[in-house]
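One file, upload_7.cif, carrying mmCIF, C-alpha atoms:
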data_final
#
loop_
_atom_site.label_atom_id
_atom_site.label_comp_id
_atom_site.auth_asym_id
_atom_site.auth_seq_id
_atom_site.Cartn_x
_atom_site.Cartn_y
_atom_site.Cartn_z
CA MET A 30 117.15 55.05 58.82
CA LYS A 31 116.71 58.48 57.22
CA TYR A 32 113.03 58.44 58.22
CA TYR A 33 114.03 57.72 61.79
CA PHE A 34 116.19 60.86 61.92
CA LEU A 35 113.44 62.87 60.24
CA TYR A 36 111.03 61.65 62.90
CA ILE A 37 113.41 62.69 65.69
CA PHE A 38 113.88 66.11 64.06
CA LEU A 39 110.13 66.72 63.86
CA ILE A 40 109.61 65.71 67.48
CA LEU A 41 112.29 68.12 68.64
CA PHE A 42 110.97 70.88 66.41
CA ILE A 43 107.41 70.75 67.66
CA ASN A 44 108.45 70.25 71.30
CA PRO A 45 111.24 72.77 72.01
CA GLN A 46 111.41 71.80 75.69
CA LEU A 47 113.08 68.55 74.60
CA LEU A 48 115.90 70.71 73.29
CA GLY A 49 116.28 72.27 76.70
CA GLN A 50 114.71 75.57 75.66
CA ASN A 51 114.25 77.74 78.74
CA TYR A 52 111.14 79.56 77.56
CA THR A 53 108.36 79.38 74.98
CA SER A 54 107.06 82.49 73.22
CA TYR A 55 103.66 83.10 71.62
CA PHE A 56 103.39 86.33 69.63
CA THR A 57 100.40 88.19 68.20
CA GLY A 58 100.39 91.57 66.43
CA SER A 59 103.03 93.87 64.99
CA SER A 60 106.64 92.74 65.19
CA SER A 61 107.82 96.38 65.14
CA ASP A 62 108.41 97.66 68.65
CA ILE A 63 106.87 101.02 69.50
CA SER A 64 107.18 103.24 72.57
CA THR A 65 104.14 105.00 73.99
CA ILE A 66 103.56 107.32 76.91
CA THR A 67 101.96 104.99 79.44
CA ASN A 68 99.62 105.92 82.27
CA GLY A 69 100.84 103.45 84.90
CA GLY A 70 98.70 101.66 87.47
CA ILE A 71 98.15 98.24 89.01
CA CYS A 72 95.38 95.75 88.22
CA LEU A 73 94.74 93.08 90.88
CA MET A 74 92.46 90.26 89.70
CA GLY A 75 90.96 87.74 92.13
CA GLY A 76 91.12 84.66 89.92
CA ALA A 77 88.85 82.47 87.77
CA SER A 78 87.79 84.32 84.58
CA GLU A 79 89.04 87.86 84.07
CA ASP A 80 86.69 90.80 84.44
CA ASP A 81 86.54 92.36 80.97
CA ASN A 82 86.07 95.93 82.19
CA ALA A 83 89.09 95.72 84.48
CA MET A 84 91.16 94.20 81.67
CA SER A 85 90.08 97.04 79.38
CA TRP A 86 91.26 99.48 82.07
CA PHE A 87 94.60 97.65 82.12
CA LEU A 88 95.05 97.73 78.33
CA GLN A 89 94.05 101.38 78.04
CA LYS A 90 96.82 102.34 80.47
CA ALA A 91 99.34 100.94 77.96
CA ASN A 92 98.18 103.57 75.45
CA GLY A 93 98.46 101.36 72.38
CA GLY A 94 101.81 99.85 73.33
CA ASP A 95 103.15 96.32 73.62
CA ILE A 96 101.61 93.91 76.14
CA LEU A 97 103.76 91.21 77.72
CA VAL A 98 102.26 88.23 79.55
CA LEU A 99 104.62 86.33 81.85
CA ARG A 100 103.75 82.88 83.18
CA ALA A 101 105.33 79.60 84.26
CA SER A 102 102.63 77.27 82.89
CA GLY A 103 99.93 77.29 80.23
CA SER A 104 100.21 78.76 76.75
CA ASP A 105 98.77 81.59 74.63
CA GLY A 106 95.28 81.97 76.09
CA TYR A 107 95.68 85.73 76.60
CA ASN A 108 96.95 86.66 73.16
CA ASN A 109 93.78 86.97 71.11
CA TYR A 110 91.76 88.04 74.16
CA MET A 111 94.00 91.05 74.76
CA TYR A 112 94.80 91.80 71.10
CA THR A 113 91.29 91.83 69.63
CA GLY A 114 88.83 90.45 72.19
CA LEU A 115 88.31 93.65 74.18
CA GLY A 116 88.32 96.20 71.39
CA ILE A 117 91.29 98.11 72.83
CA ASN A 118 94.02 99.01 70.36
CA VAL A 119 97.45 97.61 71.26
CA ASN A 120 100.55 97.12 69.15
CA SER A 121 101.20 93.52 70.14
CA VAL A 122 100.60 90.84 72.75
CA GLU A 123 103.32 88.35 73.57
CA THR A 124 103.14 85.52 76.08
CA ILE A 125 106.41 84.12 77.40
CA VAL A 126 106.16 80.87 79.35
CA PHE A 127 109.12 80.23 81.64
CA ASN A 128 110.02 76.55 81.39
CA ASN A 129 112.62 76.90 84.13
CA SER A 130 114.52 79.52 86.12
CA SER A 131 117.25 79.85 83.48
CA ALA A 132 114.82 81.81 81.31
CA SER A 133 115.34 84.70 83.73
CA ASN A 134 118.75 85.28 82.16
CA GLU A 135 117.76 84.94 78.51
CA PHE A 136 118.54 88.05 76.43
CA TYR A 137 115.30 87.76 74.44
CA VAL A 138 113.15 87.63 77.59
CA LEU A 139 114.91 90.59 79.18
CA GLN A 140 114.67 92.62 75.98
CA LYS A 141 110.91 92.03 75.84
CA ILE A 142 110.51 93.28 79.42
CA GLN A 143 112.42 96.43 78.50
CA GLN A 144 110.16 97.01 75.49
CA ALA A 145 106.81 96.36 77.20
CA GLU A 146 104.31 99.08 78.04
CA ALA A 147 102.25 96.65 80.14
CA ILE A 148 103.12 93.41 81.93
CA TRP A 149 100.54 90.88 83.04
CA PHE A 150 101.28 87.98 85.41
CA ALA A 151 99.11 84.94 84.79
CA GLY A 152 97.80 82.52 87.38
CA GLY A 153 99.61 79.36 88.38
CA ASP A 154 101.94 78.70 91.30
CA GLN A 155 103.37 81.87 92.83
CA TRP A 156 106.38 80.00 94.18
CA ASP A 157 107.44 79.43 90.56
CA TYR A 158 107.41 83.18 90.04
CA VAL A 159 109.23 83.92 93.28
CA SER A 160 111.88 81.22 92.83
CA TYR A 161 112.42 81.98 89.12
CA TRP A 162 112.43 85.79 89.17
CA ARG A 163 113.42 87.09 92.60
CA ASN A 164 116.95 88.52 92.70
CA SER A 165 117.27 88.00 88.96
CA PRO A 166 117.39 90.42 86.01
CA VAL A 167 113.65 89.84 85.57
CA ASP A 168 112.44 91.50 88.77
CA SER A 169 115.13 94.20 88.44
CA LEU A 170 113.94 95.17 84.96
CA ILE A 171 110.28 95.03 85.94
CA ASN A 172 110.91 97.36 88.87
CA GLU A 173 112.96 99.66 86.65
CA ALA A 174 110.11 99.77 84.14
CA ILE A 175 107.59 100.64 86.86
CA VAL A 176 109.71 103.51 88.19
CA ASN A 177 111.30 104.90 85.03
CA ARG A 178 108.73 104.16 82.32
CA ASN A 179 105.52 104.15 84.38
CA ILE A 180 104.32 100.89 82.83
CA VAL A 181 101.05 99.34 83.98
CA ILE A 182 101.28 95.94 85.65
CA GLY A 183 98.70 93.45 86.83
CA GLY A 184 98.02 89.85 87.60
CA THR A 185 95.38 87.29 88.44
CA SER A 186 95.40 84.63 91.16
CA ALA A 187 99.10 83.77 91.69
CA GLY A 188 99.93 86.80 89.54
CA MET A 189 98.07 89.04 91.99
CA ALA A 190 99.58 87.26 95.00
CA ILE A 191 103.12 88.42 94.17
CA LEU A 192 102.36 92.12 93.75
CA GLY A 193 102.35 93.41 97.35
CA GLY A 194 105.36 94.53 99.35
CA PHE A 195 104.62 91.48 101.50
CA TYR A 196 103.49 88.28 99.81
CA PHE A 197 102.44 84.73 100.55
CA SER A 198 105.12 82.86 98.61
CA ALA A 199 103.52 79.38 98.85
CA GLN A 200 107.02 77.95 99.11
CA ASN A 201 105.70 75.00 101.11
CA GLY A 202 102.33 74.82 99.38
CA THR A 203 99.01 76.50 100.05
CA VAL A 204 97.28 76.85 103.41
CA THR A 205 93.61 76.99 104.40
CA SER A 206 92.00 79.52 106.70
CA SER A 207 91.17 76.89 109.31
CA THR A 208 94.75 75.59 109.41
CA ALA A 209 96.23 79.09 109.63
CA LEU A 210 93.85 80.27 112.37
CA SER A 211 94.54 77.19 114.47
CA ASN A 212 98.31 77.70 114.27
CA PRO A 213 99.63 81.02 112.87
CA TYR A 214 103.09 79.48 112.60
CA ASN A 215 102.11 76.46 110.55
CA ASN A 216 104.97 75.51 108.24
CA ASN A 217 102.90 76.37 105.16
CA ILE A 218 102.42 79.99 106.22
CA THR A 219 105.31 81.53 104.31
CA VAL A 220 104.86 85.30 104.56
CA ASP A 221 107.79 86.87 102.76
CA SER A 222 109.11 90.42 102.73
CA SER A 223 112.22 90.08 100.58
CA LYS A 224 112.12 92.76 97.92
CA PHE A 225 110.49 91.47 94.75
CA ILE A 226 107.97 93.31 92.55
CA PHE A 227 107.85 96.76 94.14
CA ASN A 228 105.18 99.46 94.02
CA GLN A 229 105.35 102.24 96.59
CA ILE A 230 101.58 102.59 97.00
CA ILE A 231 101.24 98.94 98.09
CA SER A 232 104.64 98.53 99.75
CA ASP A 233 103.00 97.60 103.08
CA VAL A 234 100.26 95.43 101.52
CA ILE A 235 99.82 91.67 101.30
CA THR A 236 97.20 90.53 98.78
CA ASP A 237 95.00 87.45 98.64
CA THR A 238 92.77 86.01 95.95
CA HIS A 239 89.87 83.59 95.36
CA TYR A 240 88.38 85.18 98.48
CA ASP A 241 85.01 83.50 98.10
CA ASP A 242 86.10 80.12 96.78
CA PRO A 243 87.57 78.89 99.04
CA ASP A 244 87.09 81.31 101.91
CA ARG A 245 90.45 82.92 102.56
CA LYS A 246 89.58 85.68 104.99
CA GLY A 247 90.95 83.78 107.98
CA ARG A 248 94.34 83.03 106.50
CA HIS A 249 94.66 86.61 105.25
CA VAL A 250 94.12 87.89 108.79
CA VAL A 251 96.80 85.46 109.97
CA PHE A 252 99.20 86.86 107.36
CA LEU A 253 98.61 90.35 108.79
CA SER A 254 99.09 89.10 112.36
CA ARG A 255 102.43 87.59 111.37
CA ILE A 256 103.59 90.82 109.70
CA LEU A 257 102.77 92.77 112.84
CA THR A 258 104.23 90.18 115.22
CA ASP A 259 107.34 89.21 113.25
CA TYR A 260 108.29 92.46 111.56
CA GLY A 261 106.77 95.07 113.86
CA ILE A 262 105.07 96.60 110.81
CA VAL A 263 101.38 97.40 110.59
CA GLY A 264 100.72 95.73 107.26
CA LYS A 265 97.53 96.02 105.24
CA GLY A 266 95.59 93.68 102.99
CA ILE A 267 93.85 93.92 99.63
CA ALA A 268 91.70 90.97 98.58
CA CYS A 269 89.37 90.10 95.72
CA ASP A 270 86.65 87.56 95.17
CA GLU A 271 86.87 85.55 91.99
CA TYR A 272 85.77 87.45 88.85
CA THR A 273 86.56 90.69 90.74
CA ALA A 274 89.39 93.20 90.31
CA VAL A 275 90.93 96.18 92.09
CA CYS A 276 92.48 98.69 89.69
CA ILE A 277 94.79 101.27 91.28
CA ASP A 278 95.62 104.45 89.37
CA ASN A 279 98.69 106.62 89.80
CA ASN A 280 96.84 108.79 92.30
CA GLY A 281 96.39 105.86 94.68
CA ILE A 282 92.65 105.46 94.09
CA ALA A 283 91.58 101.80 93.96
CA SER A 284 88.45 101.15 91.86
CA VAL A 285 86.60 97.86 92.22
CA TYR A 286 85.35 96.06 89.09
CA GLY A 287 82.89 93.16 88.95
CA GLU A 288 79.31 92.40 87.96
CA TYR A 289 77.34 93.40 91.04
CA PRO A 290 74.31 93.31 91.41
CA ASN A 291 74.09 90.36 89.01
CA TYR A 292 76.81 88.62 90.99
CA ASP A 293 78.08 89.15 94.55
CA ASP A 294 81.56 90.36 93.62
CA ASN A 295 83.54 91.95 96.46
CA ALA A 296 86.91 93.48 97.25
CA TYR A 297 88.28 94.09 100.75
CA PHE A 298 90.75 96.62 102.15
CA ILE A 299 91.99 95.33 105.51
CA GLN A 300 94.08 96.96 108.24
CA PRO A 301 94.77 96.55 111.96
CA ASN A 302 92.66 99.09 113.84
CA CYS A 303 94.69 102.30 113.73
CA GLU A 304 92.62 103.86 116.53
CA LEU A 305 94.03 101.46 119.11
CA ILE A 306 97.19 102.41 120.96
CA ASP A 307 98.24 98.76 120.92
CA ASN A 308 96.75 96.79 118.02
CA ASN A 309 98.97 93.72 118.39
CA PRO A 310 97.26 90.31 118.66
CA GLU A 311 96.64 89.05 122.18
CA ASN A 312 98.06 85.67 121.17
CA CYS A 313 100.01 84.99 117.99
CA ASN A 314 102.27 82.10 118.94
CA PRO A 315 103.27 78.72 117.47
CA ASN A 316 100.90 75.80 118.02
CA ASN A 317 98.19 78.01 119.54
CA PRO A 318 95.00 79.36 117.96
CA LEU A 319 95.21 83.01 116.97
CA ASN A 320 93.55 85.48 119.34
CA TRP A 321 93.17 88.95 117.88
CA ASN A 322 90.08 90.38 119.49
CA LEU A 323 90.80 93.75 121.15
CA GLY A 324 87.20 94.39 122.13
CA ASN A 325 85.83 92.96 118.87
CA GLU A 326 87.54 95.77 116.95
CA ALA A 327 91.00 94.39 116.15
CA ILE A 328 90.76 94.83 112.37
CA LYS A 329 89.09 97.49 110.26
CA VAL A 330 87.85 96.40 106.83
CA TYR A 331 86.38 98.41 103.98
CA ALA A 332 84.24 96.12 101.80
CA ALA A 333 83.21 97.31 98.34
CA LYS A 334 81.13 95.66 95.62
CA GLY A 335 82.65 95.36 92.18
CA THR A 336 80.60 97.02 89.45
CA ILE A 337 80.95 97.17 85.67
CA ASN A 338 82.07 100.82 85.76
CA GLY A 339 84.31 100.59 88.82
CA ALA A 340 82.24 103.22 90.61
CA ASN A 341 83.07 101.98 94.12
CA SER A 342 86.54 102.93 95.26
CA PHE A 343 88.96 103.29 98.16
CA ASP A 344 91.74 105.81 98.76
CA LEU A 345 95.05 104.07 99.44
CA ASN A 346 96.69 107.37 100.42
CA ASN A 347 94.94 107.45 103.78
CA TRP A 348 93.18 104.06 104.09
CA GLU A 349 90.16 105.86 105.56
CA THR A 350 88.15 107.24 102.65
CA GLY A 351 85.95 105.18 100.36
CA ILE A 352 83.03 105.57 97.98
CA GLY A 353 80.14 103.10 97.77
CA GLY A 354 81.41 100.54 100.28
CA SER A 355 80.89 99.86 103.97
CA TRP A 356 83.07 99.42 107.04
CA GLU A 357 83.30 96.19 109.01
CA ASN A 358 85.06 95.07 112.20
CA TRP A 359 86.81 91.72 112.05
CA TYR A 360 88.31 89.89 114.99
CA VAL A 361 89.57 86.44 115.91
CA ASP A 362 88.59 84.67 119.11
CA ASN A 363 90.36 81.37 119.85
CA GLY A 364 90.99 80.63 116.19
CA THR A 365 87.56 81.64 114.88
CA LEU A 366 87.12 84.70 112.66
CA TYR A 367 84.11 86.94 113.30
CA GLN A 368 82.76 89.78 111.16
CA GLN A 369 80.34 92.56 112.13
CA SER A 370 79.38 96.00 110.90
CA GLY A 371 81.69 98.84 111.87
CA ILE A 372 82.39 102.52 111.37
CA GLN A 373 85.10 104.44 109.57
CA PRO A 374 88.30 104.74 111.62
CA ASN A 375 89.65 108.15 112.50
CA CYS A 376 93.43 107.86 112.56
CA SER A 377 95.43 110.80 113.87
CA THR A 378 96.97 113.03 111.22
CA ILE A 379 100.65 113.80 111.16
CA SER A 380 101.69 117.17 112.60
CA ILE A 381 105.18 118.35 113.49
CA SER A 382 105.90 119.08 117.15
CA LYS A 383 107.12 122.47 118.32
CA PRO A 384 110.92 122.90 118.29
CA THR A 385 111.13 123.08 122.08
CA GLU A 386 109.35 119.74 122.33
CA GLN A 387 111.51 118.14 119.67
CA GLU A 388 114.61 118.79 121.74
CA ILE A 389 113.41 115.90 123.91
CA ILE A 390 114.13 113.57 120.96
CA THR A 391 117.40 113.35 119.06
CA LEU A 392 118.28 110.90 116.34
CA GLY A 393 121.22 110.14 114.14
CA PRO A 394 122.44 109.50 111.65
CA ASN A 395 119.83 111.55 109.80
CA PRO A 396 119.65 110.92 106.88
CA ALA A 397 119.85 107.23 107.77
CA ASN A 398 121.15 104.39 105.69
CA LYS A 399 121.09 101.13 107.65
CA HIS A 400 119.83 102.46 110.99
CA THR A 401 119.30 105.50 113.18
CA ILE A 402 119.74 105.86 116.95
CA ILE A 403 116.80 107.45 118.77
CA LYS A 404 117.58 109.10 122.11
CA LEU A 405 115.02 110.47 124.56
CA LYS A 406 116.13 113.00 127.16
CA ASN A 407 114.78 112.78 130.73
CA SER A 408 112.12 110.19 129.81
CA GLU A 409 110.83 108.49 132.94
CA THR A 410 107.84 106.73 131.40
CA SER A 411 107.40 104.01 128.81
CA TYR A 412 106.39 104.95 125.30
CA SER A 413 105.35 103.50 121.94
CA LEU A 414 107.02 104.25 118.63
CA LYS A 415 105.64 104.48 115.12
CA LEU A 416 107.57 105.00 111.91
CA ILE A 417 105.26 106.62 109.32
CA ASN A 418 106.00 107.31 105.67
CA SER A 419 105.24 110.55 103.84
CA ILE A 420 101.70 109.51 102.88
CA GLY A 421 100.69 108.46 106.39
CA GLN A 422 101.27 104.71 106.18
CA ILE A 423 102.68 103.05 109.31
CA GLN A 424 105.87 101.16 108.43
CA LYS A 425 106.93 100.00 111.89
CA GLN A 426 105.24 100.02 115.28
CA ILE A 427 106.74 99.07 118.63
CA ILE A 428 104.78 99.08 121.88
CA LYS A 429 105.97 99.72 125.46
CA LEU A 430 109.58 100.74 125.10
CA ASN A 431 111.42 101.77 128.27
CA SER A 432 114.94 102.44 127.06
CA GLN A 433 116.06 106.02 126.50
CA VAL A 434 118.20 104.83 123.58
CA PHE A 435 116.74 102.74 120.75
CA LYS A 436 118.33 101.52 117.51
CA LEU A 437 115.83 101.62 114.64
CA ASP A 438 116.60 99.41 111.63
CA THR A 439 116.02 101.28 108.34
CA SER A 440 117.86 98.93 105.98
CA ARG A 441 114.68 97.55 104.39
CA LEU A 442 112.93 100.87 103.88
CA PRO A 443 112.59 102.62 100.51
CA SER A 444 114.38 105.95 100.29
CA GLY A 445 112.30 108.96 101.28
CA LEU A 446 110.92 111.11 104.08
CA TYR A 447 109.52 109.46 107.24
CA PHE A 448 108.15 110.57 110.60
CA ILE A 449 109.03 109.02 113.94
CA GLU A 450 106.06 109.38 116.29
CA ILE A 451 106.65 108.84 120.03
CA THR A 452 103.56 108.43 122.23
CA PHE A 453 104.05 108.48 126.00
CA ASP A 454 101.81 106.81 128.59
CA ASN A 455 100.05 110.14 129.18
CA ASN A 456 99.14 110.17 125.43
CA LYS A 457 101.49 113.07 124.70
CA LYS A 458 102.93 112.73 121.20
CA LEU A 459 106.21 114.00 119.78
CA ILE A 460 107.14 113.68 116.12
CA LYS A 461 110.53 113.90 114.45
CA LYS A 462 111.43 113.89 110.74
CA LEU A 463 113.76 111.19 109.41
CA SER A 464 115.23 110.92 105.92
CA VAL A 465 116.21 107.48 104.66
CA LEU A 466 118.79 107.06 101.90
#

Please express what this file holds, its structure, as structure tokens.
Amino acid sequence: MKYYFLYIFLILFINPQLLGQNYTSYFTGSSSDISTITNGGICLMGGASEDDNAMSWFLQKANGGDILVLRASGSDGYNNYMYTGLGINVNSVETIVFNNSSASNEFYVLQKIQQAEAIWFAGGDQWDYVSYWRNSPVDSLINEAIVNRNIVIGGTSAGMAILGGFYFSAQNGTVTSSTALSNPYNNNITVDSSKFIFNQIISDVITDTHYDDPDRKGRHVVFLSRILTDYGIVGKGIACDEYTAVCIDNNGIASVYGEYPNYDDNAYFIQPNCELIDNNPENCNPNNPLNWNLGNEAIKVYAAKGTINGANSFDLNNWETGIGGSWENWYVDNGTLYQQSGIQPNCSTISISKPTEQEIITLGPNPANKHTIIKLKNSETSYSLKLINSIGQIQKQIIKLNSQVFKLDTSRLPSGLYFIEITFDNNKKLIKKLSVL
């Protein structure tokens, strides 16, 4: 009998999940916590094997600190790779595998997030990450670490998918490009905007991965069409082929890593055509193929090859300036995505209207908390409205308004300075400052 109990003890010891343990930890390196001055940044990896040069970039930003890998499946595959495999000095690498959502309230897990100089999100199923971490102490502490300690974060595959301000949650499973293009409101297209992992520079971005295997361009365009149609926000996209990474520094410059010309590794920076007065899809409705053509220029895309030194780059501050890449026009005709060469867009720069002109527009409360009321005096024509943040990114866009009074919802916006741009039918523009609390 005593051997029976010994057997049970050994089984429970080597398989902690049978004890109901909420997480499993794998630790490599020094057990003494250190604090370093980190350099921040975001590393977006497209899936399959990691690009070593991009991972070195990620580790260097931690400045010798502690690296934390968070995942909901798998084991310790990153530990030795990050600790010794890349030749970058770090204090420790710890992988924590969440066995269930209860791990999001474990003291040990939360303490490790608070001590980390870098956090990496592994691949897997992004719905696990969303359902386990969203509105829990985990995402709160990660966001606090990004803002207050300037930690570097990154992820591959599902780990990359959760890092935009908008994200495909995969709550109902994955979706193919062909399915999405044939019905933009297919039940599997779960484009979410609930606040999760937040970075200001990509607050209006939805990412996608494995861009070349399988082809995901079509579904990514559908995600953007849904953001514009459902939320009235001109969202943007960042995508990576497998074995390719986009590394974004604190200045908003996105460098593309890969092994071109030995391999055809690409990253894409995608946006609705900002030069068009109305860039909404012609048809984005349930049970109908997507039509987003607009003269074959609906979507502007900057495509850049990934190289070993990350020489090709794109400026996320203006979404117009790149080095080493090329511009393309994408459009969708009756559910089919087309791509052709294009030219750099020339979006209008923000300038403040003269005081006498601004008297035409009044708004309040300003600063705004949950909303502001926009009033136009003596307006007899229709107009369009854009809400633009302080670095020129369009947060909301509404076409063909006729009312002289309009209530603008600001409850989901990060605090900061914004500009309300009113464009009348005669192309006259008026701009008003708005502060959001």

Report as an mmCIF file with C-alpha atoms, keeping the file's coordinate frame the full result of the PyMOL selection byres ((chain A and resi 104-119) around 12) when it is applied to this structure.
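Result file follows (out_22.cif):
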data_model
loop_
_atom_site.group_PDB
_atom_site.id
_atom_site.type_symbol
_atom_site.label_atom_id
_atom_site.label_comp_id
_atom_site.auth_asym_id
_atom_site.auth_seq_id
_atom_site.Cartn_x
_atom_site.Cartn_y
_atom_site.Cartn_z
ATOM 1 C CA TYR A 52 111.140 79.560 77.560
ATOM 2 C CA THR A 53 108.360 79.380 74.980
ATOM 3 C CA SER A 54 107.060 82.490 73.220
ATOM 4 C CA TYR A 55 103.660 83.100 71.620
ATOM 5 C CA PHE A 56 103.390 86.330 69.630
ATOM 6 C CA THR A 57 100.400 88.190 68.200
ATOM 7 C CA GLY A 58 100.390 91.570 66.430
ATOM 8 C CA SER A 59 103.030 93.870 64.990
ATOM 9 C CA ASP A 62 108.410 97.660 68.650
ATOM 10 C CA ILE A 63 106.870 101.020 69.500
ATOM 11 C CA SER A 64 107.180 103.240 72.570
ATOM 12 C CA THR A 65 104.140 105.000 73.990
ATOM 13 C CA THR A 67 101.960 104.990 79.440
ATOM 14 C CA SER A 78 87.790 84.320 84.580
ATOM 15 C CA GLU A 79 89.040 87.860 84.070
ATOM 16 C CA ASP A 80 86.690 90.800 84.440
ATOM 17 C CA ASP A 81 86.540 92.360 80.970
ATOM 18 C CA ASN A 82 86.070 95.930 82.190
ATOM 19 C CA ALA A 83 89.090 95.720 84.480
ATOM 20 C CA MET A 84 91.160 94.200 81.670
ATOM 21 C CA SER A 85 90.080 97.040 79.380
ATOM 22 C CA TRP A 86 91.260 99.480 82.070
ATOM 23 C CA PHE A 87 94.600 97.650 82.120
ATOM 24 C CA LEU A 88 95.050 97.730 78.330
ATOM 25 C CA GLN A 89 94.050 101.380 78.040
ATOM 26 C CA LYS A 90 96.820 102.340 80.470
ATOM 27 C CA ALA A 91 99.340 100.940 77.960
ATOM 28 C CA ASN A 92 98.180 103.570 75.450
ATOM 29 C CA GLY A 93 98.460 101.360 72.380
ATOM 30 C CA GLY A 94 101.810 99.850 73.330
ATOM 31 C CA ASP A 95 103.150 96.320 73.620
ATOM 32 C CA ILE A 96 101.610 93.910 76.140
ATOM 33 C CA LEU A 97 103.760 91.210 77.720
ATOM 34 C CA VAL A 98 102.260 88.230 79.550
ATOM 35 C CA LEU A 99 104.620 86.330 81.850
ATOM 36 C CA ARG A 100 103.750 82.880 83.180
ATOM 37 C CA ALA A 101 105.330 79.600 84.260
ATOM 38 C CA SER A 102 102.630 77.270 82.890
ATOM 39 C CA GLY A 103 99.930 77.290 80.230
ATOM 40 C CA ASN A 120 100.550 97.120 69.150
ATOM 41 C CA SER A 121 101.200 93.520 70.140
ATOM 42 C CA VAL A 122 100.600 90.840 72.750
ATOM 43 C CA GLU A 123 103.320 88.350 73.570
ATOM 44 C CA THR A 124 103.140 85.520 76.080
ATOM 45 C CA ILE A 125 106.410 84.120 77.400
ATOM 46 C CA VAL A 126 106.160 80.870 79.350
ATOM 47 C CA PHE A 127 109.120 80.230 81.640
ATOM 48 C CA ASN A 128 110.020 76.550 81.390
ATOM 49 C CA ALA A 145 106.810 96.360 77.200
ATOM 50 C CA GLU A 146 104.310 99.080 78.040
ATOM 51 C CA ALA A 147 102.250 96.650 80.140
ATOM 52 C CA ILE A 148 103.120 93.410 81.930
ATOM 53 C CA TRP A 149 100.540 90.880 83.040
ATOM 54 C CA PHE A 150 101.280 87.980 85.410
ATOM 55 C CA ALA A 151 99.110 84.940 84.790
ATOM 56 C CA GLY A 152 97.800 82.520 87.380
ATOM 57 C CA GLY A 153 99.610 79.360 88.380
ATOM 58 C CA GLY A 184 98.020 89.850 87.600
ATOM 59 C CA THR A 185 95.380 87.290 88.440
#

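Taking all atoms listed in the file into account, the residues near (96.8, 98.2, 88.7), no farther than 6 Å, are Gly70, Ile71, Cys72, Leu73, Ile182, Gly183, Cys276 and Ile277 of chain A.
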
Apply the PyMOL selection byres ((chain A and resi 330-347) around 7) to the structure shown and report the selected residues as a PyMOL selection string. chain A and resi 82+273+281-289+294-300+328-329+348-358+420-421

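Interatomic distance, atom CA of Gln143 of chain A against atom CA of Val167 of chain A: 9.7 Å.
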
Which residue of A:His249, A:Lys224, A:Lys425, A:Arg163 approaches Ile267 of chain A most closely, using all atoms listed in the file: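 Ranked by minimum distance to Ile267 of chain A, first place goes to A:His249.
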
Could you pull the residues within 6 Å of Leu414 of chain A, counting all atoms listed in the file, minus those fewer than 6 positions along the same chain, as number ranges by chain? A: 426-427, 450-451

Closest of A:Thr203, A:Gln369, A:Thr236, A:Asn418 to Pro443 of chain A - atom-to-atom distances counting all atoms listed in the file: A:Asn418

For Ile191 of chain A, find every residue with an atom within 12 Å (counting only C-alpha atoms), except residues of its own chain fewer than 3 positions away, and show them as an NGL selection string. :A and (73-74 or 149-160 or 162-163 or 168 or 182-188 or 194-199 or 220-228 or 231-232 or 234-238)

Which residue, A:Asn316, A:Gln422, A:Asn179, A:Gln433, has the smallest gap to Asp278 of chain A when you use only C-alpha atoms?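 Under the stated criterion, the closest residue is A:Asn179.
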
Distance of atom CA of Ser464 of chain A from atom CA of Thr401 of chain A, expressed in Å to one decimal place: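 Taking atom CA of Thr401 of chain A and atom CA of Ser464 of chain A, their separation equals 9.9 Å.
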
Calculate how many Å separate atom CA of Asn456 of chain A from atom CA of Leu430 of chain A, rounding to one decimal.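 Between these atoms lies a distance of 14.1 Å.
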
Who sits within 12 Å of Thr452 of chain A, all atoms listed in the file, same chain under 2 positions skipped, as a compact mmCIF listing (two decimals) with C-alpha atoms, in the frame of the given file:
# COMPACT_ATOMS: atom_id res chain seq x y z
CA ILE A 306 97.19 102.41 120.96
CA ASP A 307 98.24 98.76 120.92
CA SER A 377 95.43 110.80 113.87
CA ILE A 390 114.13 113.57 120.96
CA LEU A 405 115.02 110.47 124.56
CA SER A 408 112.12 110.19 129.81
CA THR A 410 107.84 106.73 131.40
CA SER A 411 107.40 104.01 128.81
CA TYR A 412 106.39 104.95 125.30
CA SER A 413 105.35 103.50 121.94
CA LEU A 414 107.02 104.25 118.63
CA LYS A 415 105.64 104.48 115.12
CA LEU A 416 107.57 105.00 111.91
CA GLN A 426 105.24 100.02 115.28
CA ILE A 427 106.74 99.07 118.63
CA ILE A 428 104.78 99.08 121.88
CA LYS A 429 105.97 99.72 125.46
CA LEU A 430 109.58 100.74 125.10
CA ASN A 431 111.42 101.77 128.27
CA ILE A 449 109.03 109.02 113.94
CA GLU A 450 106.06 109.38 116.29
CA ASP A 454 101.81 106.81 128.59
CA ASN A 455 100.05 110.14 129.18
CA ASN A 456 99.14 110.17 125.43
CA LYS A 457 101.49 113.07 124.70
CA LYS A 458 102.93 112.73 121.20
CA LEU A 459 106.21 114.00 119.78
CA ILE A 460 107.14 113.68 116.12
CA LYS A 461 110.53 113.90 114.45

Rank A:Phe252, A:Tyr240, A:Tyr292, A:Tyr447 by their smallest atom-to-atom distance to Glu271 of chain A, using all atoms listed in the file, and report the top residue only.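 Looking only at the distances to Glu271 of chain A, the closest residue turns out to be A:Tyr240.
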
Between A:Trp359, A:Tyr214, A:Tyr367, A:Tyr260, single out the one closest to Pro315 of chain A, counting only C-alpha atoms.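 Smallest distance to Pro315 of chain A is found for A:Tyr214.
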